[in-house]
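Peer 1: Here you go, final-v2.txt (compact mmCIF, C-alpha atoms):
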```
# COMPACT_ATOMS: atom_id res chain seq x y z
CA MET W 163 -11.40 34.35 -24.89
CA GLU W 164 -9.89 33.84 -21.44
CA ARG W 165 -7.97 36.66 -19.70
CA ALA W 166 -4.76 34.62 -19.76
CA GLU W 167 -5.06 34.20 -23.51
CA ALA W 168 -5.58 37.92 -24.03
CA GLU W 169 -2.56 38.70 -21.86
CA ALA W 170 -0.50 36.17 -23.83
CA ILE W 171 -1.32 37.96 -27.08
CA LEU W 172 -0.40 41.32 -25.58
CA GLU W 173 2.89 39.89 -24.35
CA GLY W 174 3.75 38.70 -27.86
CA ASP W 175 3.03 34.93 -27.70
CA ARG W 176 2.90 34.27 -31.47
CA GLU W 177 1.65 30.66 -31.32
CA THR W 178 -1.23 31.53 -29.02
CA ALA W 179 -2.25 34.45 -31.24
CA ILE W 180 -2.26 32.24 -34.37
CA ALA W 181 -4.33 29.56 -32.68
CA LEU W 182 -6.87 32.10 -31.50
CA LEU W 183 -7.13 33.70 -34.93
CA LEU W 184 -7.75 30.26 -36.51
CA ARG W 185 -10.47 29.57 -34.00
CA VAL W 186 -12.05 32.94 -34.76
CA GLY W 187 -12.07 32.10 -38.48
CA GLU W 188 -13.74 28.74 -37.83
CA LEU W 189 -16.38 30.38 -35.69
CA VAL W 190 -17.07 32.98 -38.37
CA GLU W 191 -17.56 30.26 -41.00
CA ALA W 192 -19.81 28.25 -38.69
CA ASN W 193 -21.87 31.33 -37.98
CA GLN W 194 -22.28 32.01 -41.71
CA ARG W 195 -23.49 28.46 -42.29
CA LEU W 196 -25.97 28.78 -39.45
CA GLU W 197 -27.29 32.06 -40.80
CA ALA W 198 -27.75 30.57 -44.25
CA ARG W 199 -29.58 27.57 -42.72
CA VAL W 200 -31.87 29.83 -40.72
CA ALA W 201 -32.64 31.90 -43.83
CA GLU W 202 -33.51 28.71 -45.79
CA LEU W 203 -35.78 27.47 -43.01
CA GLU W 204 -37.53 30.83 -42.82
CA ARG W 205 -38.03 30.79 -46.59
CA ARG W 206 -39.60 27.32 -46.43
CA LEU W 207 -41.76 28.33 -43.49
CA ASN W 208 -43.11 31.31 -45.38
CA ARG W 209 -43.93 29.35 -48.53
CA SER W 210 -47.60 29.03 -49.40
CA SER W 211 -49.84 28.50 -52.40
CA ARG W 212 -49.68 32.24 -53.08
CA ASN W 213 -45.90 32.49 -53.55
CA SER W 214 -44.94 28.96 -54.68
CA SER W 215 -46.27 25.88 -56.44
CA LEU W 216 -47.66 24.41 -53.22
CA PRO W 217 -51.34 23.45 -53.36
CA PRO W 218 -53.63 25.33 -50.95
CA SER W 219 -54.08 22.15 -48.90
CA GLN W 220 -50.40 22.35 -47.85
CA ASP W 221 -50.46 25.97 -46.71
CA PRO W 222 -48.95 26.38 -43.21
CA PRO W 223 -51.12 27.77 -40.41
CA SER W 224 -49.25 31.06 -40.59
CA ALA W 225 -50.12 31.59 -44.28
CA PRO W 226 -52.51 34.49 -44.93
CA PRO W 227 -55.99 33.48 -46.09
CA ARG W 228 -56.54 33.34 -49.81
CA PRO W 229 -58.77 36.08 -51.15
CA GLY W 230 -62.24 34.85 -51.97
CA GLY W 231 -63.57 35.12 -55.49
CA LYS W 232 -65.98 37.85 -56.41
CA ARG W 233 -69.47 36.73 -55.53
CA SER W 234 -72.08 36.92 -58.24
CA GLY W 235 -74.99 37.17 -55.84
CA ARG W 236 -76.55 33.96 -57.22
CA GLY W 237 -77.27 30.94 -55.09
CA ARG W 238 -75.67 27.56 -55.55
CA GLY W 239 -77.01 24.96 -57.94
CA GLY W 240 -79.04 25.38 -61.09
CA GLN W 241 -80.54 28.80 -61.70
CA PRO W 242 -84.17 29.42 -62.60
CA GLY W 243 -84.73 28.90 -66.31
CA HIS W 244 -81.55 26.87 -66.74
CA GLU W 245 -81.98 23.53 -68.49
CA GLY W 246 -80.41 20.89 -66.27
CA ARG W 247 -78.03 18.17 -67.39
CA HIS W 248 -79.33 14.63 -66.97
CA ARG W 249 -78.41 11.17 -68.11
CA ARG W 250 -79.73 10.58 -71.60
CA LEU W 251 -82.78 8.30 -71.60
CA LEU W 252 -82.81 5.12 -73.64
CA PRO W 253 -85.41 4.87 -76.40
CA PRO W 254 -88.55 2.91 -75.43
CA GLU W 255 -87.59 -0.06 -77.62
CA GLN W 256 -84.43 -0.58 -75.53
CA VAL W 257 -86.26 -0.58 -72.20
CA ASP W 258 -86.80 -4.01 -70.66
CA GLU W 259 -89.74 -3.13 -68.42
CA VAL W 260 -92.15 -0.22 -68.17
CA VAL W 261 -94.02 0.49 -64.92
CA GLU W 262 -96.94 2.92 -65.12
CA HIS W 263 -97.60 5.22 -62.16
CA TRP W 264 -100.88 7.13 -61.89
CA PRO W 265 -101.82 9.69 -59.23
CA GLU W 266 -104.24 8.37 -56.62
CA ARG W 267 -105.83 11.65 -55.55
CA CYS W 268 -106.27 15.14 -56.94
CA SER W 269 -103.64 17.48 -55.54
CA SER W 270 -106.24 20.23 -55.19
CA CYS W 271 -109.48 18.68 -53.88
CA ALA W 272 -108.26 15.18 -52.88
CA HIS W 273 -110.69 13.49 -55.27
CA VAL W 274 -109.84 9.80 -55.66
CA PHE W 275 -109.30 8.95 -59.32
CA GLY W 276 -111.11 5.92 -60.67
CA GLU W 277 -109.89 3.60 -63.40
CA PRO W 278 -111.87 5.34 -66.22
CA GLU W 279 -110.40 8.71 -65.16
CA ARG W 280 -106.81 7.65 -65.79
CA VAL W 281 -106.37 9.61 -69.00
CA ASP W 282 -103.15 11.51 -69.74
CA VAL W 283 -103.54 15.26 -70.05
CA ALA W 284 -99.78 15.71 -70.70
CA GLU W 285 -96.79 13.62 -71.67
CA PRO W 286 -95.73 11.39 -68.77
CA TRP W 287 -92.40 12.11 -67.13
CA ARG W 288 -89.94 9.32 -67.79
CA HIS W 289 -87.56 8.08 -65.10
CA GLN W 290 -85.24 5.18 -65.92
CA VAL W 291 -83.35 3.04 -63.42
CA ALA W 292 -80.51 0.76 -64.58
CA GLU W 293 -80.01 -2.24 -62.32
CA LEU W 294 -78.22 -5.56 -62.42
CA PRO W 295 -80.45 -8.62 -62.22
CA PRO W 296 -79.89 -10.99 -59.28
CA ILE W 297 -76.79 -12.98 -60.17
CA ALA W 298 -76.59 -16.57 -58.99
CA VAL W 299 -74.66 -19.55 -60.27
CA CYS W 300 -76.82 -22.08 -62.09
CA VAL W 301 -75.73 -25.60 -61.16
CA THR W 302 -76.61 -28.37 -63.63
CA GLU W 303 -76.27 -31.99 -62.48
CA HIS W 304 -75.55 -34.56 -65.17
CA ARG W 305 -76.54 -38.07 -64.10
CA LEU W 306 -74.87 -40.90 -65.99
CA HIS W 307 -77.17 -43.90 -65.72
CA ALA W 308 -76.06 -47.49 -66.09
CA VAL W 309 -78.23 -50.10 -67.81
CA CYS W 310 -77.80 -53.87 -67.80
CA CYS W 311 -77.88 -55.45 -71.24
CA PRO W 312 -80.66 -58.08 -71.49
CA GLU W 313 -78.65 -60.05 -74.03
CA CYS W 314 -75.24 -60.38 -72.33
CA ALA W 315 -75.94 -58.98 -68.85
CA THR W 316 -73.15 -56.40 -69.26
CA PRO W 317 -73.79 -53.13 -67.44
CA THR W 318 -73.25 -50.09 -69.65
CA ARG W 319 -73.04 -46.54 -68.29
CA ALA W 320 -73.86 -43.41 -70.29
CA GLU W 321 -71.05 -41.04 -71.22
CA LEU W 322 -70.97 -37.28 -70.94
CA PRO W 323 -71.80 -35.54 -74.24
CA ARG W 324 -68.89 -33.74 -75.85
CA GLN W 325 -70.43 -30.31 -75.25
CA VAL W 326 -70.58 -30.83 -71.47
CA PRO W 327 -67.46 -29.48 -69.68
CA ARG W 328 -65.36 -32.10 -67.92
CA SER W 329 -64.50 -29.52 -65.28
CA ALA W 330 -66.82 -28.70 -62.39
CA PHE W 331 -67.08 -25.13 -63.73
CA GLY W 332 -68.59 -23.90 -66.98
CA PRO W 333 -66.70 -21.81 -69.57
CA ARG W 334 -68.38 -18.50 -68.69
CA LEU W 335 -67.66 -18.93 -64.98
CA GLN W 336 -64.05 -19.86 -65.72
CA ALA W 337 -63.71 -16.79 -67.96
CA ALA W 338 -65.00 -14.58 -65.12
CA VAL W 339 -62.48 -16.08 -62.69
CA VAL W 340 -59.59 -15.63 -65.14
CA THR W 341 -60.65 -12.03 -65.79
CA LEU W 342 -60.60 -11.24 -62.09
CA ALA W 343 -57.40 -13.05 -61.16
CA VAL W 344 -55.25 -12.39 -64.25
CA ARG W 345 -56.49 -9.39 -66.19
CA ASN W 346 -57.46 -7.37 -63.11
CA ARG W 347 -54.70 -8.87 -60.93
CA VAL W 348 -56.96 -9.81 -58.05
CA SER W 349 -55.38 -12.18 -55.54
CA ARG W 350 -56.58 -15.78 -55.29
CA ARG W 351 -58.12 -15.15 -51.87
CA ASP W 352 -59.92 -12.00 -53.02
CA THR W 353 -61.17 -13.85 -56.11
CA THR W 354 -62.82 -16.49 -53.92
CA GLU W 355 -64.47 -13.75 -51.83
CA LEU W 356 -65.74 -11.97 -54.95
CA ALA W 357 -67.10 -15.24 -56.34
CA ARG W 358 -69.02 -15.78 -53.12
CA GLU W 359 -70.29 -12.18 -52.92
CA LEU W 360 -71.13 -11.73 -56.62
CA PHE W 361 -72.25 -15.20 -57.67
CA GLY W 362 -73.05 -17.01 -54.41
CA LEU W 363 -70.41 -19.60 -55.30
CA GLU W 364 -68.10 -21.25 -52.77
CA LEU W 365 -64.76 -21.47 -54.56
CA SER W 366 -61.42 -22.50 -53.05
CA THR W 367 -58.10 -20.86 -53.89
CA GLY W 368 -56.96 -24.22 -55.29
CA SER W 369 -59.89 -24.24 -57.71
CA VAL W 370 -59.04 -20.69 -58.78
CA ASP W 371 -55.46 -21.72 -59.46
CA ALA W 372 -56.59 -24.79 -61.43
CA ILE W 373 -58.92 -22.67 -63.58
CA ILE W 374 -56.10 -20.23 -64.34
CA GLN W 375 -53.69 -23.05 -65.21
CA ARG W 376 -56.21 -24.61 -67.61
CA ALA W 377 -56.81 -21.24 -69.25
CA GLY W 378 -53.06 -20.80 -69.66
CA ARG W 379 -52.73 -24.16 -71.40
CA ARG W 380 -55.57 -23.31 -73.79
CA SER W 381 -54.10 -19.91 -74.68
CA PRO W 382 -52.42 -19.73 -78.10
CA ALA W 383 -48.64 -19.72 -78.13
CA PRO W 384 -47.15 -16.18 -78.46
CA THR W 385 -45.58 -15.27 -81.76
CA ARG W 386 -41.85 -14.62 -82.05
CA GLY W 387 -40.93 -11.10 -81.02
CA SER W 388 -44.16 -10.55 -79.14
CA SER W 389 -43.86 -8.41 -76.02
CA ASN W 390 -46.31 -10.76 -74.28
CA ALA W 391 -44.06 -13.79 -74.52
CA SER W 392 -44.59 -14.57 -70.82
CA VAL W 393 -47.52 -13.92 -68.56
CA ARG W 394 -46.94 -13.70 -64.83
CA LEU W 395 -49.85 -14.85 -62.71
CA ARG W 396 -50.23 -13.03 -59.40
CA SER W 397 -51.26 -15.12 -56.43
```
Could you write out this structure as structure tokens?
Peer 2:
Amino acid sequence: MERAEAEAILEGDRETAIALLLRVGELVEANQRLEARVAELERRLNRSSRNSSLPPSQDPPSAPPRPGGKRSGRGRGGQPGHEGRHRRLLPPEQVDEVVEHWPERCSSCAHVFGEPERVDVAEPWRHQVAELPPIAVCVTEHRLHAVCCPECATPTRAELPRQVPRSAFGPRLQAAVVTLAVRNRVSRRDTTELARELFGLELSTGSVDAIIQRAGRRSPAPTRGSSNASVRLRS
């Protein structure tokens, strides 16, 4: 408040006094809003995983450290005498290949074991490794030969058997492409890269699209009321 304004109030200037009182009221309200905002910001700043639903990863730097759990005095990992958990082994009849490993030397005196000495004194430990075989596209070339008739001299060319696909890609390969591009919603470009990396096959995006279109034409028509009345293909 300026000195002139204070003197005006003392001298009985009613309008000036009212204006100043209104300004004081506005300032009081603004101050209350600011105080409430500061209190809200302080509350948010002090939130942590200990006093709210925040995860520990979002604790602010100022949050106090969480108390550590009571230590049991045991080391990490499996304890002595504890039976470990391992992947269940397949029965021998379901194993495709068995590789025998025999020790070469005695662990005590370094004696080299000969073939007649390879006799089990305990059950062998079994270790199984599951692996994919090398996957490569098998390309079959069908050659349609032409023969000239000795009777009428008309050349006749062989026709493709009915079981041979007319497309450049076999049914299993086409099913793999459709599974990637439609069921798993892989883009056309990514499908071509996967075909090259997984199968060693150079496949263009146009070929991928043609395979999907053929598969769509061969699919049975949806029944009335089916929720799968339309299938959107993602490119």
Peer 1: Suppose you want the space between atom CA of Val309 of chain W and atom CA of Leu322 of chain W; what is it in Å?
Peer 2: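 Going from atom CA of Val309 of chain W over to atom CA of Leu322 of chain W, I get 15.1 Å.
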Peer 1: In Å, rounded to a single decimal, give me how far atom CA of His263 of chain W is from atom CA of Leu294 of chain W.
Peer 2: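 Value for the atom CA of Leu294 of chain W-atom CA of His263 of chain W distance: 22.2 Å.
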Peer 1: Which is closer to Leu360 of chain W than all the others in W:Val301, W:Ala338, W:Val274, W:Ala198, using only C-alpha atoms?
Peer 2: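 Once distances to Leu360 of chain W are computed over only C-alpha atoms, the minimum belongs to W:Ala338.
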Peer 1: Rank nothing, just name the residue among W:Arg249, W:Arg380, W:Arg205, W:Arg347 nearest to His289 of chain W, using only C-alpha atoms.
Peer 2: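 The shortest atom-to-atom distance to His289 of chain W comes from W:Arg249.
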Peer 1: Quick one: distance from atom CA of Ser349 of chain W to atom CA of Val326 of chain W in Å, one decimal?
Peer 2: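 Here the two named atoms are 28.9 Å from each other.
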Peer 1: Because the input lacks atoms here, generate N, CA, C and O atoms for segment 297-320 of chain W and report them as a CSV table (one decimal), in the coordinates of the input.
Peer 2:
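Final output, out.csv:
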```
chain,number,residue,atom,x,y,z
W,297,ILE,N,-77.7,-12.1,-59.5
W,297,ILE,CA,-76.8,-13.0,-60.2
W,297,ILE,C,-76.6,-14.2,-59.2
W,297,ILE,O,-76.2,-14.0,-58.1
W,298,ALA,N,-76.8,-15.3,-59.8
W,298,ALA,CA,-76.6,-16.6,-59.0
W,298,ALA,C,-76.1,-17.6,-59.9
W,298,ALA,O,-76.5,-17.7,-61.1
W,299,VAL,N,-75.2,-18.5,-59.4
W,299,VAL,CA,-74.7,-19.6,-60.3
W,299,VAL,C,-75.7,-20.6,-60.5
W,299,VAL,O,-76.4,-21.0,-59.6
W,300,CYS,N,-75.9,-21.0,-61.7
W,300,CYS,CA,-76.8,-22.1,-62.1
W,300,CYS,C,-76.1,-23.4,-62.1
W,300,CYS,O,-75.1,-23.6,-62.9
W,301,VAL,N,-76.4,-24.3,-61.3
W,301,VAL,CA,-75.7,-25.6,-61.2
W,301,VAL,C,-76.6,-26.7,-61.9
W,301,VAL,O,-77.7,-26.9,-61.6
W,302,THR,N,-76.0,-27.3,-62.9
W,302,THR,CA,-76.6,-28.4,-63.6
W,302,THR,C,-76.0,-29.7,-63.3
W,302,THR,O,-74.7,-29.8,-63.3
W,303,GLU,N,-76.8,-30.7,-62.8
W,303,GLU,CA,-76.3,-32.0,-62.5
W,303,GLU,C,-76.5,-33.0,-63.6
W,303,GLU,O,-77.7,-33.1,-64.1
W,304,HIS,N,-75.5,-33.6,-64.1
W,304,HIS,CA,-75.6,-34.6,-65.2
W,304,HIS,C,-75.5,-36.0,-64.5
W,304,HIS,O,-74.4,-36.3,-63.9
W,305,ARG,N,-76.5,-36.7,-64.7
W,305,ARG,CA,-76.5,-38.1,-64.1
W,305,ARG,C,-76.3,-39.1,-65.2
W,305,ARG,O,-77.1,-39.2,-66.2
W,306,LEU,N,-75.3,-39.9,-65.0
W,306,LEU,CA,-74.9,-40.9,-66.0
W,306,LEU,C,-75.4,-42.2,-65.5
W,306,LEU,O,-74.9,-42.9,-64.6
W,307,HIS,N,-76.5,-42.7,-66.1
W,307,HIS,CA,-77.2,-43.9,-65.7
W,307,HIS,C,-76.5,-45.1,-66.3
W,307,HIS,O,-75.9,-45.0,-67.4
W,308,ALA,N,-76.6,-46.2,-65.6
W,308,ALA,CA,-76.1,-47.5,-66.1
W,308,ALA,C,-77.2,-48.5,-66.3
W,308,ALA,O,-78.1,-48.5,-65.5
W,309,VAL,N,-77.2,-49.2,-67.4
W,309,VAL,CA,-78.2,-50.1,-67.8
W,309,VAL,C,-77.6,-51.5,-68.1
W,309,VAL,O,-76.5,-51.6,-68.7
W,310,CYS,N,-78.3,-52.5,-67.6
W,310,CYS,CA,-77.8,-53.9,-67.8
W,310,CYS,C,-78.3,-54.4,-69.1
W,310,CYS,O,-79.6,-54.3,-69.4
W,311,CYS,N,-77.5,-54.9,-69.9
W,311,CYS,CA,-77.9,-55.4,-71.2
W,311,CYS,C,-78.7,-56.7,-71.0
W,311,CYS,O,-78.2,-57.7,-70.4
W,312,PRO,N,-79.9,-56.8,-71.6
W,312,PRO,CA,-80.7,-58.1,-71.5
W,312,PRO,C,-80.1,-59.3,-72.3
W,312,PRO,O,-80.5,-60.4,-72.0
W,313,GLU,N,-79.2,-59.0,-73.2
W,313,GLU,CA,-78.6,-60.0,-74.0
W,313,GLU,C,-77.5,-60.7,-73.4
W,313,GLU,O,-77.4,-61.9,-73.3
W,314,CYS,N,-76.5,-59.8,-72.9
W,314,CYS,CA,-75.2,-60.4,-72.3
W,314,CYS,C,-75.0,-60.1,-70.9
W,314,CYS,O,-74.0,-60.4,-70.3
W,315,ALA,N,-76.0,-59.3,-70.3
W,315,ALA,CA,-75.9,-59.0,-68.8
W,315,ALA,C,-74.8,-58.1,-68.5
W,315,ALA,O,-74.3,-58.0,-67.4
W,316,THR,N,-74.3,-57.3,-69.5
W,316,THR,CA,-73.2,-56.4,-69.3
W,316,THR,C,-73.7,-55.0,-68.9
W,316,THR,O,-74.5,-54.5,-69.7
W,317,PRO,N,-73.3,-54.5,-67.8
W,317,PRO,CA,-73.8,-53.1,-67.4
W,317,PRO,C,-73.1,-52.1,-68.3
W,317,PRO,O,-71.8,-52.1,-68.5
W,318,THR,N,-73.8,-51.2,-68.8
W,318,THR,CA,-73.2,-50.1,-69.6
W,318,THR,C,-73.7,-48.7,-69.1
W,318,THR,O,-74.9,-48.5,-68.9
W,319,ARG,N,-72.7,-47.8,-68.8
W,319,ARG,CA,-73.0,-46.5,-68.3
W,319,ARG,C,-73.0,-45.5,-69.4
W,319,ARG,O,-72.1,-45.5,-70.3
W,320,ALA,N,-73.9,-44.5,-69.3
W,320,ALA,CA,-73.9,-43.4,-70.3
W,320,ALA,C,-72.6,-42.5,-70.1
W,320,ALA,O,-72.0,-42.5,-69.1
```
